[in-house]
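Peer 1: The structure that follows is given in the form of structure tokens.
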Amino acid sequence: MSGIIERSVDVAVIGGGPGGLGAAIKAREAGAKNVVLLERSEELGGMLPQCIHNGFGLHYFKEELSGPAYIHRLVKELAKTDVDVMTQTMAIKLEGTRITALTEKTLTRINAKAVILGMGCRERSRGNIRIPGHRPAGVFTAGTAQRLINVEGYIPGKKVVILGSGDIGMIMARRLTLEGAEVVCLVELLPFIGGLIRNEVQCLRDFNIPVYTSHTVSDVIGKNRVEKVVISQIDKELKPIPGTEKEFEADTLLLSVGLIPENELSTMTGVKLEPTGGPQVDDLWQTSVSGIFAGGNVVHVHDLADYVTESSEMAAVNAVKYINGYLPVERKVNVKGGKNIRYVVPNTIVSNQPVSFFMRVTWPLKNATVRIGGLVSKKYAFVRPSEQIRIDVPAEMMKGFREDIIVNCDGEEDVAR
Amino acid sequence: MQKVAGKFDVIVIGAGVAGAAVIRELSKYNLSAAILEKEPDVCFGATKGTHGIVHCGFPVDDAPIKNRTEMKGCLMMEQACADLDVPYQKAGKLLVAFNEEELRALQKALVSLKRNGVPGVELVTDKDRLRVMEPNISDQVIAALHTANTAVVSPWGLVFGLIENAVANGAKLYIDAKVQSITANNESGFLLQTSAGSFAAGYIVNAAGLFAGKVAGLIKDNSFVVSGTRQQRIVMDKKIEGIVRHVVRDLRATGAHGDFVSPTVYGDILLGAKVENVPEVGDLRTTREGLDGWILPRCRRLIPSLPPQMSIKPFSGYIPKAGADYLIKPSPVNSRFINIVLGGSGFSASLAVGEYVVNEILPSVGLQLQKKPGFNPIRKDIPHIHDLTDEERAELIGKDPLYGHIVCRCETVSEGEIVEAIRRGARTRDGVKFRTRSGMGRCQGGFCGPRVLRILSRELGIPVEQVTRKGEGSTEVLYRTKELLKEAKGGSK
Ligand SMILES: Cc1cc2nc3c(=O)[nH]c(=O)nc-3n(C[C@H](O)[C@H](O)[C@H](O)COP(=O)(O)OP(=O)(O)OC[C@H]3O[C@@H](n4cnc5c(N)ncnc54)[C@H](O)[C@@H]3O)c2cc1C
Ligand SMILES: Cc1cc2nc3c(=O)[nH]c(=O)nc-3n(C[C@H](O)[C@H](O)[C@H](O)COP(=O)(O)OP(=O)(O)OC[C@H]3O[C@@H](n4cnc5c(N)ncnc54)[C@H](O)[C@@H]3O)c2cc1C
């Protein structure tokens with residue numbers, strides 16, 4: 001007797017972050033009878049329980065909350081429903097809308113009518129960017145350090161160099177300083193800060209943390225534990241310039257060098273990915289595999305948890321429509337990023353419903369204009385890669401639209417290249 | 001720490017692949033044997049950095065012992081891996097030629113391989129066939145020498161397997177046991193002082209790798225010097241598993257084997273190798289020139305579609321050697337003291353080296369060997385959830401729920417496996433990693449790291465701030481929260 005459990009549900013949500021929680025609640029609300037949510041961690045909430053700073057919820061709850069407080073509200077909502085919440089449950093295989101998951105009880109196969117992907121993203125590691133040098137203890141991704149400090153109660157070290165000016169890196173610069181550690185400097189490859197301006201001001205400038213832009217870590221010294229970190233200025237090809245080395249004593253190196261949507265599961269069943277690592281989605285948040293929907297950071301990295309919850313809720317509403325056989329697919333229009341647009345979501349438009357376009361620019365510009373094909377255009381004093389752009393297009397404008405949509409961003413140079 | 005003491009017929013110093021092969025071979029006989037390792041775990045020396053390619057023997061003129069043990073060791077490997085439950089894959093190797101001159105070098109090599117009786121070799125000159133064998137190979141490659149018996153093995157898996165099996169058959173393992181001094185005494189052999197107490201031994205096998213010269217120096221044997229070369233390489237995400245089927249390797253200008261793209265038993269792809277003589281013996285740094293300036297372009301010359309962004313871990317290894325050939329012989333100072341220093345292909349040769357040392361050299365200097373009737377060659381690895389069928393998984397979880405709790409997302413490693421690894425001797429994060437693969441995947445421990453720290457702390461009964469990556473000085477987290485603030489206050493008064 002193998003003890004494998006087989007079960008059938010209407011909707012299965014993979015991931016219990018702000019996206020997955022929103023999706024599960026919404027799917028039930030929209031009429032799905034059997035909803036199950038799988039979360040591999042011990043606790044629900046995804047990244048948010050470790051994000052103890054504020055800045056969450058302004059959009060969704062109309063109130064400024066900390067990450068844990070934001071998630072607490074969703075968990076409370078979820079508890080009012082009969083959604084089957086399975087924590088310490090890891091989805092290990094996806095075949096169409098059939099999930100294989102492991103729990104401490106047994107191996108479970110879940111046959112779902114629709115699946116919502118909410119796996120979030122993971123951080124790029126030292127190996128991804130091939131930082132040379134010794135390989136000692138003391139090199140962490142910023143998010144791992146954040147978990148160590150805010151959830152587990154440990155400080156990685158007391159003299160810290162941070163590579164990368166992503167939001168997590170900047171937030172950790174502040175957090176470590178407040179914990180009595182010394183943030184020796186923050187180093188950024190590009191000539192500008194990669195995260196939100198809000199974080200640049202509140203986490204770096206307010207704490208006088210030295211910032212080296214157009215620099216990178218060129219060597220890590222220390223056989224057992226980090227002892228020194230060497231940084232160098234970089235040339236136009238982003239390569240270190242010999243002779244520009246600066247050596248800092250440090251016991252810890254934190255990396256905040258980008259997030260990658262976590263789609264190993266999705267690709268197992270043929271979900272097509274974009275170059276950003278997220279699945280191709282249409283305006284109903286359906287992926288290239290029918291019945292598989294996606295929301296939140298598994299699609300693309302959002303600036304705000306609020307938008308994560310919102311997009312995942314839309315995925316859930318459409319997943320329920322799909323189950324009921326009336327997904328409003330009218331036609332298919334492709335959406336493509338053009339001038340200075342690194343990516344745009346969704347990748348196709350199939351319905352005649354209002355659409356929210358999310359995008360990021362490649363390079364900072366001022367007095368910029370973003371044009372969504374011939375549909376709408378919007379002006380911005382500044383656009384920066386760190387600040388996600390969201391443009392909502394009303395249903396009337398989408399109706400009957402048949403041409404491919406190219407999104408372009410024009411403007412004036414803001415940062416010298 | 002508690003001091004242990006013991007008296008053994010044979011003591012092996014160093015738990016790399018050489019020492020492991022020797023102690024396993026010794027455990028087949030009725031005698032008392034122990035292996036002493038200075039690190040907190042076995043396989044933390046040169047063997048930790050090996051590629052795990054089992055070469056089938058590539059005879060060179062000035063290395064008769066290497067030629068012999070490499071060829072024999074390769075033939076012994078498959079059975080040993082089956083007995084010891086160690087991942088083994090007979091991938092075969094394609095040594096490629098980009099031009100006529102290299103083709104002539106391959107033709108010469110073929111003759112030499114055949115003369116030495118290496119089985120399973122052929123020269124493939126049909127370009128279409130070559131592309132069928134290896135679809136992603138560069139179309140600039142005109143021919144390849146195919147050696148069918150070249151295999152890939154889990155290097156640390158073999159060491160764990162050999163040592164666990166030796167211990168199950170009566171041998172003793174002492175970790176954190178650095179041999180610091182040795183006194184020779186004519187009748188009974190040697191007295192060893194170590195960081196784990198003192199030991200007496202009738203015979204010593206010095207398999208201390210890079211430190212073998214130092215250990216020999218303890219009995220005033222200065223007959224050899226250990227040097228070596230550093231090799232850098234890059235592990236690539238298993239998402240590109242299948243990009244090569246064979247070990248695909250080019251020739252250096254000297255005719256020696258060059259860079260390679262290799263499958264591994266775990267699915268990830270290994271790229272190498274920038275080979276260098278470095279001023280500091282044992283230097284394990286990687287360099288930008290080595291990784292981005294050498295390995296990636298050289299390997300993309302072999303397999304043009306190799307995607308650089310799939311790199312997950314660059315690292316270096318250092319191959320100890322003491323001359324052109326392996327050094328495997330009794331010390332000129334004391335014949336009961338056997339020195340072993342391998343070199344390139346040392347991993348491939350290891351099993352034959354163990355056999356040679358135990359069955360030929362030790363008896364030649366007086367050790368009596370008598371087969372142990374109850375010797376059991378079989379050892380079972382930790383069950384890996386990742387490798388099981390769904391039915392087996394369900395059954396295992398039914399027996400121990402911890403196997404249903406996945407701790408490492410990238411490699412699907414459960415808490416049950418980690419706890420079992422600790423039970424089998426892991427004391428550090430690397431010890432857990434090499435036994436279970438947790439932290440070896442694409443996120444490199446970003447997710448499982450804090451969780452593994454917690455499990456190690458719980459199972460070993462030590463605070464998290466004392467858990468190390470790989471032994472002394474490599475503590476993972478240094479303080480508890482608020483500790484630094486207290487320190488700052490304390491300091492200001
Ligand atoms: C450091 C940091 C600071 C931030 N600061 C802010 C801020 O100030 N304000 C703001 O609004 N937003 C902020 N954000 C953004 C916000 O936290 C994220 O956008 C949000 O957490 C993404 O939600 P998600 O549900 O898509 O993914 P996640 O929160 O990452 O959740 C994904 C969940 O899926 C689970 N999972 C993955 N794979 C599987 C599987 N195979 N089986 C089972 N479960 C699985 C994971 O364990 C995880 O719990 C911040 C993000 C970070 C990282
Ligand atoms: C990068 C690299 C790639 C390689 N690739 C291959 C390959 O693909 N195929 C192949 O066949 N070979 C390969 N080799 C060669 C092979 O790995 C080595 O020859 C072999 O692992 C050496 O094993 P060893 O046991 O002699 O040394 P080690 O593994 O170094 O073992 C020596 C041990 O002795 C211990 N020790 C030292 N001093 C003391 C002391 N005083 N007291 C107690 N213990 C002590 C050390 O801590 C260590 O654990 C490679 C090697 C490297 C480095």
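Convention: chains lettered A, B, ... in structure tokens order; per-chain residue numbering from 1; ligands numbered from 1 as shown.
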Do me a favour and pick out the residues of chain B within 8 Å of chain A, using only C-alpha atoms, as a PyMOL selection string.

Peer 2: chain B and resi 284-288+291+309-315+390-395+397-398+401-406+412+443-444+446-447+449-450+465+468-470+472-482+484-485+488

Peer 1: Give one line per residue of chain A that approaches ligand 1 to at most 6 Å, naming the two atoms of the closest pair and their distance in Å to one decimal, counting only C-alpha atoms and all ligand atoms; sort by chain then ascending residue number and deliver it as a Markdown table.

Peer 2:
```
| residue | atom | partner | partner_atom_place_in_ligand_line | distance |
| --- | --- | --- | --- | --- |
| A:Ile14 | CA | ligand 1 | 43 (C) | 5.3 |
| A:Gly15 | CA | ligand 1 | 34 (O) | 3.1 |
| A:Gly16 | CA | ligand 1 | 33 (C) | 4.7 |
| A:Gly17 | CA | ligand 1 | 25 (O) | 3.4 |
| A:Pro18 | CA | ligand 1 | 25 (O) | 4.1 |
| A:Gly19 | CA | ligand 1 | 25 (O) | 3.5 |
| A:Gly20 | CA | ligand 1 | 25 (O) | 5.3 |
| A:Leu38 | CA | ligand 1 | 43 (C) | 5.0 |
| A:Glu39 | CA | ligand 1 | 44 (N) | 3.7 |
| A:Arg40 | CA | ligand 1 | 43 (C) | 4.0 |
| A:Ser41 | CA | ligand 1 | 47 (O) | 5.1 |
| A:Gly45 | CA | ligand 1 | 49 (O) | 5.6 |
| A:Gly46 | CA | ligand 1 | 49 (O) | 3.0 |
| A:Met47 | CA | ligand 1 | 29 (O) | 4.0 |
| A:Leu48 | CA | ligand 1 | 17 (O) | 5.2 |
| A:Cys51 | CA | ligand 1 | 3 (C) | 5.6 |
| A:Asn54 | CA | ligand 1 | 8 (O) | 5.8 |
| A:Gly55 | CA | ligand 1 | 8 (O) | 4.3 |
| A:Phe56 | CA | ligand 1 | 11 (O) | 4.1 |
| A:Thr89 | CA | ligand 1 | 43 (C) | 5.7 |
| A:Met90 | CA | ligand 1 | 42 (N) | 3.7 |
| A:Ala91 | CA | ligand 1 | 42 (N) | 3.9 |
| A:Ile92 | CA | ligand 1 | 41 (N) | 5.7 |
| A:Gly118 | CA | ligand 1 | 26 (O) | 5.4 |
| A:Met119 | CA | ligand 1 | 37 (C) | 3.6 |
| A:Gly120 | CA | ligand 1 | 27 (O) | 3.3 |
| A:Cys121 | CA | ligand 1 | 30 (O) | 5.4 |
| A:Gly143 | CA | ligand 1 | 1 (C) | 5.7 |
| A:Ile168 | CA | ligand 1 | 1 (C) | 3.9 |
| A:Gly296 | CA | ligand 1 | 26 (O) | 3.6 |
| A:Asn297 | CA | ligand 1 | 26 (O) | 3.7 |
| A:Val298 | CA | ligand 1 | 26 (O) | 5.6 |
| A:His302 | CA | ligand 1 | 19 (O) | 4.9 |
| A:Asp303 | CA | ligand 1 | 12 (N) | 5.6 |
| A:Leu304 | CA | ligand 1 | 11 (O) | 3.2 |
| A:Ala305 | CA | ligand 1 | 11 (O) | 3.9 |
| A:Asp306 | CA | ligand 1 | 11 (O) | 5.7 |
| A:Val308 | CA | ligand 1 | 23 (O) | 5.6 |
```

Peer 1: Provide the atom CA of Ser356 of chain A to atom CA of Ile405 of chain A distance in Å, to one decimal place.

Peer 2: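 According to the coordinates, atom CA of Ser356 of chain A and atom CA of Ile405 of chain A are separated by 13.5 Å.
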
Peer 1: List as JSON, numbers by chain the protein and nucleic acid residues lying within 7 Å of ligand 2, with only C-alpha atoms and all ligand atoms counted.

Peer 2: {"B": [13, 14, 15, 16, 17, 18, 19, 36, 37, 38, 39, 42, 43, 44, 45, 46, 47, 48, 49, 50, 51, 52, 53, 54, 55, 177, 178, 179, 180, 207, 208, 209, 210, 211, 212, 215, 230, 231, 232, 316, 317, 318, 319, 320, 340, 341, 342, 343, 344, 345, 346, 347, 348, 349]}

Peer 1: Just to confirm, what's the straight-line distance from atom CA of Lys380 of chain B to atom CA of Ala421 of chain B in Å (one decimal)?

Peer 2: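 Those two atoms sit 12.5 Å apart.
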
Peer 1: Need the shell around Val344 of chain A: protein/DNA/RNA residues with any atom at most 6 Å away, counting only C-alpha atoms. Skip same-chain ones fewer than 4 positions apart. Format as a list in words?

Peer 2: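 Selected residues are Gly337, Phe358 and Met359 of chain A.
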
Peer 1: Restrict the selected residues to N, CA and C atoms and save them as a PDB file, in the first residue's frame.

Peer 2:
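This is the output file out-v4.pdb:
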```
ATOM      1  N   GLY A 337       7.111  45.238 -26.043  1.00  0.00           N
ATOM      2  CA  GLY A 337       7.884  46.373 -25.568  1.00  0.00           C
ATOM      3  C   GLY A 337       8.685  46.944 -26.723  1.00  0.00           C
ATOM      4  N   PHE A 358       1.463  46.772 -17.074  1.00  0.00           N
ATOM      5  CA  PHE A 358       2.591  47.003 -16.164  1.00  0.00           C
ATOM      6  C   PHE A 358       3.867  46.936 -16.978  1.00  0.00           C
ATOM      7  N   MET A 359       4.762  47.887 -16.740  1.00  0.00           N
ATOM      8  CA  MET A 359       6.013  47.846 -17.518  1.00  0.00           C
ATOM      9  C   MET A 359       7.151  48.487 -16.752  1.00  0.00           C
TER      10      MET A 359
END
```

Peer 1: In terms of the shortest atom-to-atom distance over only C-alpha atoms, which of A:Val301, A:Leu254, A:Met86, A:Ile260 is closest to Gly195 of chain A?

Peer 2: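 Under the stated criterion, the closest residue is A:Val301.
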
Peer 1: Neighbouring residues of Leu456 of chain B were defined as those with any atom within 9 Å, considering only C-alpha atoms; residues of the same chain fewer than 3 positions away were excluded. Please report them as a ChimeraX atom specification.

Peer 2: /B:418-419,422,426-429,432,451-453,459-462,464,467

Peer 1: Here is a test: counting only C-alpha atoms, which residue of B:Arg298, B:Arg336, B:Lys329, B:Lys127 is nearest to Tyr203 of chain B?

Peer 2: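 Closest to Tyr203 of chain B of all the choices is B:Arg336.
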
Peer 1: Arg437 of chain B: which residues within 9 Å, counting only C-alpha atoms, same-chain residues fewer than 6 positions away excluded, as a ChimeraX atom specification?

Peer 2: /B:408,411-413

Peer 1: Please produce a file of the residues just selected, as a compact mmCIF listing (two decimals), in the first residue's frame, where the atoms kept are N, CA and C atoms.

Peer 2:
```txt
# COMPACT_ATOMS: atom_id res chain seq x y z
N CYS B 408 15.13 22.05 0.93
CA CYS B 408 15.85 22.67 -0.19
C CYS B 408 14.97 22.58 -1.42
N GLU B 411 16.78 21.44 -5.11
CA GLU B 411 17.18 20.04 -5.29
C GLU B 411 16.21 19.07 -4.64
N THR B 412 15.08 19.58 -4.14
CA THR B 412 14.05 18.77 -3.49
C THR B 412 14.65 17.87 -2.41
N VAL B 413 15.26 18.51 -1.41
CA VAL B 413 15.87 17.76 -0.32
C VAL B 413 15.00 17.93 0.93
```

Peer 1: Could you go through segment 48-250 of chain B and tell me which residues DSSP, when run on the backbone, assigns to strand (DSSP E or B), listing them as a PyMOL selection string?

Peer 2: chain B and resi 53-54+88-89+93-97+121-124+143-147+151-153+172-174+179-185+189-195+197-206+227-236+247-250

Peer 1: Taking only C-alpha atoms into account, which of A:Ile52, A:Val345, A:Val376, A:Ala23 comes nearest Leu78 of chain A?

Peer 2: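 Selected residue with least distance to Leu78 of chain A: A:Ala23.
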
Peer 1: Apply DSSP to the backbone of this structure and, from segment 143-387 of chain B, keep only the residues in alpha helix (DSSP H); write these as number ranges by chain.

Peer 2: B: 155-168, 212-217, 288, 296-302, 346-356, 362-364

Peer 1: Go through A:Asp404, A:Asp235, A:Asp410, A:Glu95 one by one, measure the shortest atom-to-atom distance of each to Lys379 of chain A using only C-alpha atoms, and give the residue with the smallest value.

Peer 2: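 For Lys379 of chain A, the nearest of the given residues is A:Asp410.
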
Peer 1: Restricting the calculation to only C-alpha atoms, which member of A:Lys339, A:Lys332, A:Lys26, A:Arg7 is positioned closest to Arg402 of chain A?

Peer 2: A:Lys332

Peer 1: Mind checking which residues fall within 10 Å of Thr81 of chain A, counting only C-alpha atoms, ignoring those fewer than 5 positions away in the same chain, and posting them as a ChimeraX atom specification?

Peer 2: /A:24-25,28-29,35,76

Peer 1: Mind writing the picked residues with N, CA, C and O atoms as a PDB file, in the first residue's frame?

Peer 2:
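And here's again-v1.pdb as it stands now:
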```pdb
ATOM      1  N   ALA A  24      -6.607  32.743  -3.548  1.00  0.00           N
ATOM      2  CA  ALA A  24      -7.426  31.695  -2.924  1.00  0.00           C
ATOM      3  C   ALA A  24      -8.735  32.290  -2.392  1.00  0.00           C
ATOM      4  O   ALA A  24      -9.825  31.729  -2.598  1.00  0.00           O
ATOM      5  N   ILE A  25      -8.624  33.427  -1.719  1.00  0.00           N
ATOM      6  CA  ILE A  25      -9.823  34.073  -1.163  1.00  0.00           C
ATOM      7  C   ILE A  25     -10.786  34.429  -2.305  1.00  0.00           C
ATOM      8  O   ILE A  25     -11.985  34.151  -2.252  1.00  0.00           O
ATOM      9  N   ARG A  28     -12.626  31.485  -4.113  1.00  0.00           N
ATOM     10  CA  ARG A  28     -13.761  30.995  -3.337  1.00  0.00           C
ATOM     11  C   ARG A  28     -14.931  31.954  -3.472  1.00  0.00           C
ATOM     12  O   ARG A  28     -16.075  31.537  -3.716  1.00  0.00           O
ATOM     13  N   GLU A  29     -14.616  33.247  -3.323  1.00  0.00           N
ATOM     14  CA  GLU A  29     -15.639  34.293  -3.409  1.00  0.00           C
ATOM     15  C   GLU A  29     -16.333  34.266  -4.770  1.00  0.00           C
ATOM     16  O   GLU A  29     -17.539  34.448  -4.870  1.00  0.00           O
ATOM     17  N   VAL A  35     -11.360  24.841  -3.023  1.00  0.00           N
ATOM     18  CA  VAL A  35     -10.118  25.571  -3.279  1.00  0.00           C
ATOM     19  C   VAL A  35      -9.053  25.075  -2.311  1.00  0.00           C
ATOM     20  O   VAL A  35      -9.290  24.950  -1.113  1.00  0.00           O
ATOM     21  N   LYS A  76      -6.325  36.481   7.960  1.00  0.00           N
ATOM     22  CA  LYS A  76      -7.598  36.526   8.696  1.00  0.00           C
ATOM     23  C   LYS A  76      -8.787  36.332   7.752  1.00  0.00           C
ATOM     24  O   LYS A  76      -9.734  35.606   8.058  1.00  0.00           O
TER      25      LYS A  76
END
```
